[in-house]
Structure formats: structure tokens, C-alpha cells
$ cat run31.cif   # mmCIF, C-alpha atoms and all ligand atoms
data_protein
loop_
_atom_site.label_atom_id
_atom_site.label_comp_id
_atom_site.auth_asym_id
_atom_site.auth_seq_id
_atom_site.Cartn_x
_atom_site.Cartn_y
_atom_site.Cartn_z
CA MET C 1 194.88 -37.90 39.22
CA GLN C 2 194.67 -35.87 36.01
CA ILE C 3 191.29 -37.38 35.28
CA MET C 4 190.09 -36.45 38.78
CA PHE C 5 191.01 -32.78 38.13
CA ARG C 6 189.31 -33.00 34.74
CA ALA C 7 186.15 -34.25 36.48
CA MET C 8 186.24 -31.25 38.83
CA GLU C 9 186.63 -28.93 35.82
CA ILE C 10 183.67 -30.62 34.15
CA LEU C 11 181.44 -29.96 37.16
CA GLU C 12 182.41 -26.28 36.86
CA GLN C 13 181.39 -26.33 33.17
CA PHE C 14 177.75 -26.51 34.18
CA ARG C 15 177.90 -22.95 35.54
CA LEU C 16 176.41 -20.17 33.38
CA ASP C 17 178.11 -17.10 34.88
CA GLY C 18 178.25 -14.13 32.50
CA LYS C 19 175.72 -15.67 30.09
CA VAL C 20 172.40 -14.21 28.95
CA ALA C 21 169.46 -16.56 28.37
CA VAL C 22 166.00 -16.07 26.88
CA VAL C 23 163.24 -18.39 28.13
CA THR C 24 159.94 -18.09 26.26
CA GLY C 25 156.71 -18.78 28.13
CA ALA C 26 158.26 -18.27 31.56
CA SER C 27 155.27 -16.66 33.27
CA ARG C 28 154.33 -19.98 34.89
CA GLY C 29 154.72 -23.75 34.63
CA LEU C 30 157.89 -25.37 33.35
CA GLY C 31 159.25 -22.14 31.79
CA ARG C 32 159.23 -20.38 35.14
CA VAL C 33 161.24 -23.26 36.65
CA PHE C 34 163.69 -23.21 33.72
CA ALA C 35 164.22 -19.45 34.14
CA GLU C 36 164.88 -19.80 37.87
CA GLY C 37 167.20 -22.79 37.35
CA ILE C 38 169.23 -21.04 34.65
CA ALA C 39 169.49 -17.89 36.80
CA GLY C 40 170.49 -20.10 39.74
CA ALA C 41 173.38 -21.39 37.62
CA GLY C 42 174.61 -17.78 37.17
CA ALA C 43 172.99 -16.38 34.00
CA ASP C 44 170.90 -13.25 33.55
CA VAL C 45 167.55 -14.26 32.07
CA VAL C 46 164.97 -12.61 29.84
CA ILE C 47 161.55 -14.10 30.51
CA THR C 48 158.71 -13.77 28.05
CA GLY C 49 154.94 -14.21 28.08
CA ARG C 50 151.87 -12.40 26.79
CA ASP C 51 150.97 -10.43 29.92
CA MET C 52 153.36 -7.99 31.62
CA ALA C 53 151.20 -7.90 34.76
CA THR C 54 151.92 -11.63 35.25
CA LEU C 55 155.55 -11.50 34.13
CA LYS C 56 156.74 -8.61 36.31
CA PRO C 57 156.19 -10.21 39.73
CA VAL C 58 157.71 -13.46 38.43
CA ALA C 59 160.81 -11.54 37.30
CA GLU C 60 161.06 -9.80 40.70
CA GLU C 61 160.69 -13.07 42.59
CA ILE C 62 163.37 -14.89 40.55
CA ALA C 63 165.72 -11.89 40.78
CA GLY C 64 165.21 -11.80 44.56
CA GLN C 65 165.93 -15.52 44.90
CA THR C 66 168.94 -15.74 42.58
CA GLY C 67 170.52 -12.27 42.64
CA ARG C 68 170.57 -12.24 38.83
CA ARG C 69 169.07 -9.68 36.47
CA ILE C 70 165.70 -10.98 35.23
CA HIS C 71 164.20 -8.88 32.45
CA PRO C 72 160.52 -9.43 31.52
CA VAL C 73 159.40 -8.94 27.90
CA CYS C 74 155.77 -9.09 26.78
CA MET C 75 155.48 -10.89 23.41
CA ASP C 76 153.54 -13.47 21.43
CA VAL C 77 155.83 -16.14 19.95
CA GLY C 78 153.35 -16.68 17.13
CA ASN C 79 154.03 -13.13 15.90
CA LEU C 80 157.21 -12.48 13.91
CA ASP C 81 157.26 -8.72 14.64
CA ASP C 82 157.10 -9.50 18.36
CA ILE C 83 159.99 -11.94 18.00
CA ARG C 84 162.19 -9.40 16.21
CA ARG C 85 161.35 -6.66 18.74
CA THR C 86 162.09 -9.01 21.64
CA VAL C 87 165.48 -10.14 20.39
CA ALA C 88 166.48 -6.51 19.61
CA GLU C 89 165.46 -5.58 23.18
CA VAL C 90 167.48 -8.46 24.66
CA ARG C 91 170.61 -7.33 22.83
CA GLU C 92 170.07 -3.69 23.79
CA VAL C 93 169.30 -4.32 27.47
CA CYS C 94 171.62 -7.27 28.14
CA GLY C 95 174.32 -6.64 25.52
CA ARG C 96 174.46 -10.28 24.36
CA LEU C 97 172.44 -13.48 23.86
CA ASP C 98 173.97 -16.87 24.63
CA ILE C 99 171.08 -19.25 25.34
CA LEU C 100 167.58 -19.64 23.92
CA VAL C 101 165.01 -21.94 25.54
CA ASN C 102 162.00 -22.47 23.25
CA ASN C 103 159.47 -23.32 25.93
CA ALA C 104 156.26 -21.39 25.13
CA GLY C 105 153.61 -23.84 24.04
CA VAL C 106 149.87 -24.40 23.79
CA ASN C 107 147.69 -27.41 23.16
CA HIS C 108 144.09 -27.95 22.06
CA ARG C 109 142.38 -31.31 22.50
CA GLU C 110 139.83 -32.52 19.96
CA THR C 111 139.41 -35.65 17.87
CA ALA C 112 141.13 -35.54 14.48
CA LEU C 113 137.79 -35.86 12.67
CA ASP C 114 136.46 -32.70 14.34
CA PHE C 115 139.57 -30.50 14.52
CA ARG C 116 138.91 -26.91 13.39
CA GLU C 117 141.28 -24.90 11.21
CA GLU C 118 141.66 -21.97 13.65
CA ASP C 119 142.63 -24.34 16.49
CA TRP C 120 145.13 -26.11 14.23
CA ASP C 121 146.65 -22.75 13.21
CA ARG C 122 147.01 -21.48 16.78
CA VAL C 123 148.74 -24.63 18.05
CA VAL C 124 151.08 -24.86 15.06
CA ASP C 125 151.84 -21.11 15.04
CA VAL C 126 152.86 -20.96 18.70
CA ASN C 127 154.72 -24.27 18.93
CA LEU C 128 156.27 -24.83 15.50
CA LYS C 129 156.43 -21.48 13.71
CA GLY C 130 157.24 -19.60 16.93
CA THR C 131 160.08 -21.99 17.74
CA PHE C 132 161.61 -21.72 14.28
CA PHE C 133 161.52 -17.91 14.08
CA MET C 134 162.86 -17.55 17.63
CA CYS C 135 165.71 -19.86 16.55
CA GLN C 136 166.31 -17.88 13.36
CA THR C 137 166.32 -14.46 15.04
CA CYS C 138 168.42 -15.55 18.03
CA GLY C 139 170.63 -17.70 15.77
CA ARG C 140 171.67 -14.61 13.80
CA ALA C 141 172.80 -12.92 17.03
CA MET C 142 174.59 -16.09 18.21
CA LYS C 143 176.40 -16.45 14.88
CA GLU C 144 177.68 -12.87 15.17
CA GLN C 145 178.85 -13.60 18.72
CA GLY C 146 180.66 -16.80 17.74
CA GLY C 147 178.28 -19.39 19.22
CA GLY C 148 175.32 -20.22 21.42
CA LYS C 149 173.00 -22.86 22.86
CA ILE C 150 169.41 -23.55 21.83
CA VAL C 151 167.18 -25.88 23.83
CA THR C 152 163.71 -26.71 22.52
CA ILE C 153 161.00 -28.20 24.72
CA LEU C 154 159.54 -31.19 22.92
CA SER C 155 157.07 -33.83 24.09
CA LEU C 156 156.33 -37.54 24.18
CA THR C 157 154.38 -36.76 20.99
CA SER C 158 157.70 -35.92 19.29
CA GLY C 159 158.16 -39.69 19.24
CA ILE C 160 154.75 -41.37 19.58
CA GLY C 161 151.10 -40.73 18.75
CA LEU C 162 148.56 -39.93 21.46
CA PRO C 163 144.88 -39.32 20.59
CA THR C 164 143.11 -35.91 20.33
CA VAL C 165 146.24 -33.76 19.90
CA VAL C 166 146.87 -33.78 16.15
CA PRO C 167 148.43 -30.30 15.59
CA TYR C 168 150.40 -30.54 18.87
CA THR C 169 151.81 -33.88 17.67
CA ALA C 170 152.61 -32.44 14.23
CA ALA C 171 154.26 -29.41 15.83
CA LYS C 172 156.30 -31.31 18.43
CA GLY C 173 157.43 -33.83 15.81
CA GLY C 174 158.37 -30.96 13.50
CA MET C 175 160.21 -29.21 16.34
CA MET C 176 162.33 -32.31 16.85
CA GLN C 177 163.22 -32.34 13.16
CA ILE C 178 164.02 -28.60 13.23
CA THR C 179 166.30 -29.31 16.20
CA LYS C 180 168.26 -31.85 14.13
CA MET C 181 168.30 -29.71 10.99
CA LEU C 182 169.58 -26.60 12.76
CA ALA C 183 172.15 -28.69 14.63
CA VAL C 184 173.59 -29.72 11.28
CA GLU C 185 173.35 -26.33 9.54
CA TRP C 186 174.67 -24.29 12.49
CA ALA C 187 177.44 -26.62 13.67
CA GLU C 188 179.83 -24.40 11.71
CA HIS C 189 178.65 -21.38 13.75
CA ASN C 190 179.32 -23.17 17.06
CA ILE C 191 175.60 -23.18 17.91
CA GLN C 192 174.46 -26.40 19.60
CA VAL C 193 170.76 -27.22 19.25
CA ASN C 194 169.15 -29.88 21.45
CA GLY C 195 165.74 -30.86 22.79
CA ILE C 196 164.20 -32.00 26.06
CA ALA C 197 161.01 -34.06 25.88
CA PRO C 198 159.18 -34.02 29.21
CA GLY C 199 156.82 -36.82 30.18
CA PHE C 200 153.89 -35.76 32.37
CA PHE C 201 154.27 -32.73 34.67
CA ARG C 202 151.47 -31.01 36.62
CA THR C 203 151.00 -27.57 35.03
CA GLU C 204 148.08 -25.60 33.59
CA LEU C 205 148.72 -27.31 30.23
CA THR C 206 147.97 -30.77 31.65
CA LYS C 207 145.13 -29.72 33.98
CA ALA C 208 142.40 -31.65 32.14
CA VAL C 209 144.52 -34.80 32.08
CA GLN C 210 145.27 -34.55 35.81
CA GLU C 211 141.58 -34.55 36.65
CA ASP C 212 140.08 -37.45 34.68
CA GLU C 213 140.77 -41.16 34.06
CA ARG C 214 143.89 -40.33 32.06
CA ASN C 215 145.65 -39.68 35.39
CA ASN C 216 145.35 -43.41 36.20
CA TRP C 217 146.51 -44.33 32.71
CA ILE C 218 149.61 -42.12 33.16
CA LEU C 219 150.47 -43.65 36.54
CA ASN C 220 149.96 -47.19 35.21
CA ARG C 221 151.85 -46.60 31.98
CA THR C 222 154.88 -44.79 33.50
CA PRO C 223 157.44 -47.28 34.90
CA MET C 224 158.20 -44.93 37.82
CA GLU C 225 154.43 -44.72 38.53
CA ARG C 226 154.33 -40.98 39.18
CA TRP C 227 154.24 -37.55 37.56
CA GLY C 228 157.52 -35.66 37.21
CA GLU C 229 158.49 -32.71 39.37
CA PRO C 230 159.45 -29.70 37.19
CA GLU C 231 162.84 -29.38 38.95
CA GLU C 232 163.66 -32.86 37.61
CA LEU C 233 164.00 -31.29 34.14
CA LEU C 234 166.82 -29.01 35.27
CA GLY C 235 169.65 -31.54 35.00
CA ALA C 236 169.05 -31.97 31.27
CA MET C 237 168.44 -28.22 30.89
CA LEU C 238 171.74 -27.19 32.51
CA LEU C 239 173.60 -29.81 30.46
CA PHE C 240 172.24 -28.43 27.18
CA CYS C 241 172.66 -24.73 28.17
CA SER C 242 176.26 -25.06 29.34
CA PRO C 243 179.73 -25.81 27.94
CA ALA C 244 179.27 -29.34 29.36
CA SER C 245 177.39 -30.10 26.10
CA ASP C 246 179.82 -28.44 23.66
CA PHE C 247 180.14 -31.65 21.57
CA ILE C 248 176.45 -32.64 21.84
CA THR C 249 174.08 -31.35 19.19
CA GLY C 250 170.89 -32.49 17.47
CA GLN C 251 169.92 -34.70 20.41
CA MET C 252 166.74 -35.18 22.41
CA ILE C 253 166.51 -36.40 26.00
CA TYR C 254 163.23 -37.80 27.32
CA VAL C 255 162.73 -36.87 30.98
CA ASP C 256 159.74 -39.11 31.52
CA GLY C 257 160.15 -41.62 34.36
CA GLY C 258 160.80 -44.33 31.77
CA PHE C 259 157.62 -43.81 29.69
CA MET C 260 159.33 -44.07 26.31
CA ALA C 261 161.40 -47.07 27.38
CA GLY C 262 158.30 -49.28 27.49
CA SER C 263 155.80 -50.64 30.00
CA ASP C 264 155.91 -53.50 32.49
CA TRP C 265 153.79 -56.51 31.42
CA ARG C 266 154.22 -58.15 34.85
CA LYS C 267 151.95 -55.45 36.29
CA GLY C 268 149.27 -56.05 33.68
CA LYS C 269 149.68 -52.54 32.28
N1 LIG C 301 153.46 -30.02 31.39
C1 LIG C 301 153.82 -31.13 30.75
O1 LIG C 301 153.57 -32.25 31.21
C2 LIG C 301 154.51 -31.03 29.41
C3 LIG C 301 154.86 -32.23 28.77
C4 LIG C 301 155.52 -32.17 27.55
C5 LIG C 301 155.85 -30.95 26.99
N2 LIG C 301 155.49 -29.80 27.63
C6 LIG C 301 155.88 -28.55 26.99
O2 LIG C 301 156.49 -27.70 27.94
C7 LIG C 301 156.28 -26.34 27.58
C8 LIG C 301 155.72 -25.59 28.78
O3 LIG C 301 154.47 -26.15 29.11
P1 LIG C 301 153.78 -25.98 30.54
O4 LIG C 301 153.27 -27.30 30.92
O5 LIG C 301 154.66 -25.24 31.47
O6 LIG C 301 152.52 -25.09 30.11
P2 LIG C 301 151.80 -23.83 30.79
O7 LIG C 301 151.84 -23.94 32.26
O8 LIG C 301 150.49 -23.71 30.11
O9 LIG C 301 152.74 -22.60 30.38
C9 LIG C 301 152.83 -22.20 29.03
C10 LIG C 301 153.67 -20.95 28.94
O10 LIG C 301 153.71 -20.55 27.57
C11 LIG C 301 153.31 -19.19 27.47
N3 LIG C 301 152.64 -18.97 26.19
C12 LIG C 301 151.53 -19.60 25.71
N4 LIG C 301 151.21 -19.10 24.50
C13 LIG C 301 152.14 -18.17 24.21
C14 LIG C 301 152.35 -17.31 23.11
N5 LIG C 301 151.54 -17.30 22.04
N6 LIG C 301 153.39 -16.44 23.15
C15 LIG C 301 154.21 -16.42 24.22
N7 LIG C 301 154.07 -17.21 25.30
C16 LIG C 301 153.04 -18.07 25.29
C17 LIG C 301 152.39 -18.96 28.67
O11 LIG C 301 152.43 -17.59 29.04
P3 LIG C 301 151.19 -16.58 28.94
O12 LIG C 301 149.92 -17.39 28.94
O13 LIG C 301 151.37 -15.72 30.14
O14 LIG C 301 151.42 -15.86 27.66
C18 LIG C 301 153.09 -19.80 29.73
O15 LIG C 301 154.14 -19.07 30.32
C19 LIG C 301 155.34 -26.37 26.36
O16 LIG C 301 156.10 -26.25 25.19
C20 LIG C 301 154.72 -27.74 26.44
O17 LIG C 301 154.31 -28.21 25.18
C21 LIG C 301 154.84 -29.81 28.83
#

$ encode --input "run31.cif" --output "C-alpha cells"
Amino acid sequence: MQIMFRAMEILEQFRLDGKVAVVTGASRGLGRVFAEGIAGAGADVVITGRDMATLKPVAEEIAGQTGRRIHPVCMDVGNLDDIRRTVAEVREVCGRLDILVNNAGVNHRETALDFREEDWDRVVDVNLKGTFFMCQTCGRAMKEQGGGKIVTILSLTSGIGLPTVVPYTAAKGGMMQITKMLAVEWAEHNIQVNGIAPGFFRTELTKAVQEDERNNWILNRTPMERWGEPEELLGAMLLFCSPASDFITGQMIYVDGGFMAGSDWRKGK
């Protein structure tokens, strides 16, 4: 009986009432879904992107659907001044900062032999450097407050190599290692740091892949034989954002239809 009541309490732990979350890159794609899901669980959410004209209607729509306060902030995660200004604004407008979702990301596809320095720099700055300095700046606020949750959006390339995405692979691998390192260093500050590695989801980022022969490769190679729906990432997201994960840190969950588990030789894949 006691365990049954404990189970009911645990379900309640997934709620985020009274919390304030920051989701970077929430103007579209997966970030927009994360922002709406986190607001749906009860948190106020700051959404960021590089264009206020795109962000504002997204904020209004999510606020209308969830009844939460959704505050849009225009910023570039590759720019440290922007990061500092954004986190100061979050604390001023919302009064606190409990959850950071490092979602903003870019990719550039080119063979390793031909990759240009400026394309390398852009991909690494946004994904790797941006993630670390968002963590550092928000981590300082979380430490002062007595704790927090950081969720970083990783990739299949955090664990395996795929061709033509060398800086993206370096960045996503590095982001996984930063996740582990911060989990260790900030355990004493009650900040849990975890990662979600999505498989293949239809967004602007994967547009090229959706439209050529790689689509067939993805369907053949994924045991569940389909692309993911962005809402299917929310279970892992709410786990890592909420008290339900208070003793989980430094971990990564693949949400990938079984991709990283292996492939099925009976189907000749
Ligand atoms: N889709 C997938 O299958 C997949 C798989 C694995 C991992 N991921 C990861 O999931 C995350 C979201 O990807 P997505 O598929 O949703 O991509 P997306 O549709 O292209 O969205 C990317 C988001 O990041 C923002 N962004 C890009 N550069 C930025 C910058 N310099 N500063 C601030 N914001 C920036 C964009 O906003 P603005 O352009 O308005 O600034 C947009 O909101 C990325 O980290 C990606 O690597 C996606």
C-alpha cells in the first residue's frame, strides 16, 4: 500500500509548477515542442532564437495553449555577451531560473576533406561553445538558488560517426562529455546535468536528409522503421527537467526508435 502511494507521489514529481525554464532555439522545430511541453507541465518558459519577429508569435501561441508566461528573448548562443544579457533578463523578468534546455543547434554538411574553417567555427560555436557558456551562466544562478536542472540536446553523432558532419560530430561528442563533466563538478550544488540524443526527426535541420536517398537508409536502419515524432522526446525531457530525476545525473538517453541498439540482419539491412 505504501509503495502504491509512493508511486502516486512519483507521478506528481513530473510536474513543473512554479519553475522557470529557458529553452534555447525554441522558434521552431524540436525546441518549440520542448518549450510547449515544459509549459504544459506547469513552468513559465523563456524561449530564445535570433529573430524576435519569429519568436513573438510562437510565445503568444504557447502562452495561449498552456496558460503559462512565455517570454521571448532574441539572442545568438554563439555570442557570450548575448548569453549574459539573456540570463540577466531571465532573472529580472522571471525572478528565478530552474531549468536550462540547451537545444539551439546548427549543422553544415560537407566532406571532411573539403570542410572550410568558417563553417567549422559556426557549427562548433553554436553547438559546443554556446552550450558550455549557457551552462556556465545559468549554472551560477542555479548554484545561488540551491540547485537546478540542465538538459542538453545531443545526437546520434554523440556516440557514432556519420559522414559529412565533422564539426557537428565533434561538437555533439564534446557536448556529451561536458554533460558528464558538469554532472560531476556540480553535483555538490544540486545541479543535475543530463542529455537527450534524438534519432531522426523531421525539422528544418534534417530537410536535406528527408528528401534524398538517405530517407530510405534511415527507415531501413531504424528498427522501428520510421522517423520520430517530436512529442516522443517529451517523456525523457520531463524526466530530466523534474524532481523525478533528482538522483540521475551525467546520463544520456537515446530517443531513436532503436537505432543505437543495432540493426536487424534478418531484414537484410
Ligand atoms: N531534428 C533531428 O532529427 C535532430 C536529431 C538529433 C539532434 N537534433 C538537435 O536538436 C536540436 C534542435 O534541432 P531542430 O531539428 O529542431 O533544428 P531546427 O528546426 O533547425 O531549429 C534550430 C533552432 O535553433 C535556433 N538557432 C540556430 N542557430 C542559433 C543561434 N546561433 N543562436 C540561437 N538560436 C539558434 C533556431 O532559431 P533561429 O533560426 O530563429 O535563430 C531554431 O529555433 C539541435 O541541437 C539539433 O542538433 C535534432

$ residues_around --input "run31.cif" --residues "Val93 (chain C)" --least-positions-apart "5" --cutoff "10 Å" --atoms "all atoms listed in the file" --output "MDAnalysis selection string"
chainID C and resid 46 71 87:88

$ write_last_selection --input "run31.cif" --atoms "C-alpha atoms" --output "PDB file, in the frame of the given file"
ATOM      1  CA  VAL C  46     164.970 -12.610  29.840  1.00  0.00           C
ATOM      2  CA  HIS C  71     164.200  -8.880  32.450  1.00  0.00           C
ATOM      3  CA  VAL C  87     165.480 -10.140  20.390  1.00  0.00           C
ATOM      4  CA  ALA C  88     166.480  -6.510  19.610  1.00  0.00           C
TER       5      ALA C  88
END

$ atom_distance --input "run31.cif" --atom1 "CA of Ala261 (chain C)" --atom2 "CA of Leu11 (chain C)"
28.1 Å

$ residues_near_ligand --input "run31.cif" --ligand "ligand LIG 301 (chain C)" --cutoff "7 Å" --atoms "only C-alpha atoms and all ligand atoms" --output "PyMOL selection string"
chain C and resi 24-31+48-51+54+75-78+103-107+126-127+153-156+197-206

$ residues_around --input "run31.cif" --residues "Lys129 (chain C)" --least-positions-apart "2" --cutoff "10 Å" --atoms "all atoms listed in the file" --output "mmCIF file with C-alpha atoms, in the frame of the given file"
data_model
loop_
_atom_site.group_PDB
_atom_site.id
_atom_site.type_symbol
_atom_site.label_atom_id
_atom_site.label_comp_id
_atom_site.auth_asym_id
_atom_site.auth_seq_id
_atom_site.Cartn_x
_atom_site.Cartn_y
_atom_site.Cartn_z
ATOM 1 C CA VAL C 77 155.830 -16.140 19.950
ATOM 2 C CA GLY C 78 153.350 -16.680 17.130
ATOM 3 C CA ASN C 79 154.030 -13.130 15.900
ATOM 4 C CA LEU C 80 157.210 -12.480 13.910
ATOM 5 C CA ASP C 121 146.650 -22.750 13.210
ATOM 6 C CA ARG C 122 147.010 -21.480 16.780
ATOM 7 C CA VAL C 123 148.740 -24.630 18.050
ATOM 8 C CA VAL C 124 151.080 -24.860 15.060
ATOM 9 C CA ASP C 125 151.840 -21.110 15.040
ATOM 10 C CA VAL C 126 152.860 -20.960 18.700
ATOM 11 C CA ASN C 127 154.720 -24.270 18.930
ATOM 12 C CA THR C 131 160.080 -21.990 17.740
ATOM 13 C CA PHE C 132 161.610 -21.720 14.280
ATOM 14 C CA PHE C 133 161.520 -17.910 14.080
ATOM 15 C CA MET C 134 162.860 -17.550 17.630
ATOM 16 C CA CYS C 135 165.710 -19.860 16.550
ATOM 17 C CA ALA C 171 154.260 -29.410 15.830
ATOM 18 C CA GLY C 174 158.370 -30.960 13.500
ATOM 19 C CA MET C 175 160.210 -29.210 16.340
#

$ closest_residue --input "run31.cif" --among "C:Ile99, C:Ala39, C:Cys74, C:Val58" --to "Val22 (chain C)" --atoms "all atoms listed in the file"
C:Ile99

$ closest_residue --input "run31.cif" --among "C:Asp82, C:Glu60, C:Glu92, C:Asp98" --to "Gly18 (chain C)" --atoms "all atoms listed in the file"
C:Asp98

$ residues_around --input "run31.cif" --residues "Ala170 (chain C)" --least-positions-apart "3" --cutoff "9 Å" --atoms "all atoms listed in the file" --output "number ranges by chain"
C: 124, 128, 157-158, 165-167, 173-175

$ closest_residue --input "run31.cif" --among "C:Gln177, C:Thr222, C:Asn216, C:Thr86" --to "Asn194 (chain C)" --atoms "all atoms listed in the file"
C:Gln177

$ closest_residue --input "run31.cif" --among "C:Tyr254, C:Leu100, C:Ile3, C:Gln13" --to "Val45 (chain C)" --atoms "only C-alpha atoms"
C:Leu100

$ atom_distance --input "run31.cif" --atom1 "CA of Gly148 (chain C)" --atom2 "CA of Asn190 (chain C)"
6.6 Å

$ atom_distance --input "run31.cif" --atom1 "CA of Glu12 (chain C)" --atom2 "CA of Glu185 (chain C)"
28.8 Å

$ residues_around --input "run31.cif" --residues "Ile253 (chain C)" --least-positions-apart "4" --cutoff "8 Å" --atoms "all atoms listed in the file" --output "tab-separated table (two decimals) with C-alpha atoms, in the coordinates of the input"
chain	number	residue	atom	x	y	z
C	195	GLY	CA	165.74	-30.86	22.79
C	196	ILE	CA	164.20	-32.00	26.06
C	197	ALA	CA	161.01	-34.06	25.88
C	236	ALA	CA	169.05	-31.97	31.27

$ closest_residue --input "run31.cif" --among "C:Ile70, C:Ala63, C:Val90, C:Leu162" --to "Thr111 (chain C)" --atoms "all atoms listed in the file"
C:Leu162

$ closest_residue --input "run31.cif" --among "C:Arg221, C:Ile38, C:Gly228, C:Ala244" --to "Ala7 (chain C)" --atoms "all atoms listed in the file"
C:Ala244

$ axis_aligned_box --input "run31.cif" --around "region 136-154 of chain C" --padding-each-side "5 Å" --output "AutoDock Vina command-line options"
--center_x 170.1 --center_y -22.0 --center_z 19.0 --size_x 31.1 --size_y 28.3 --size_z 21.4
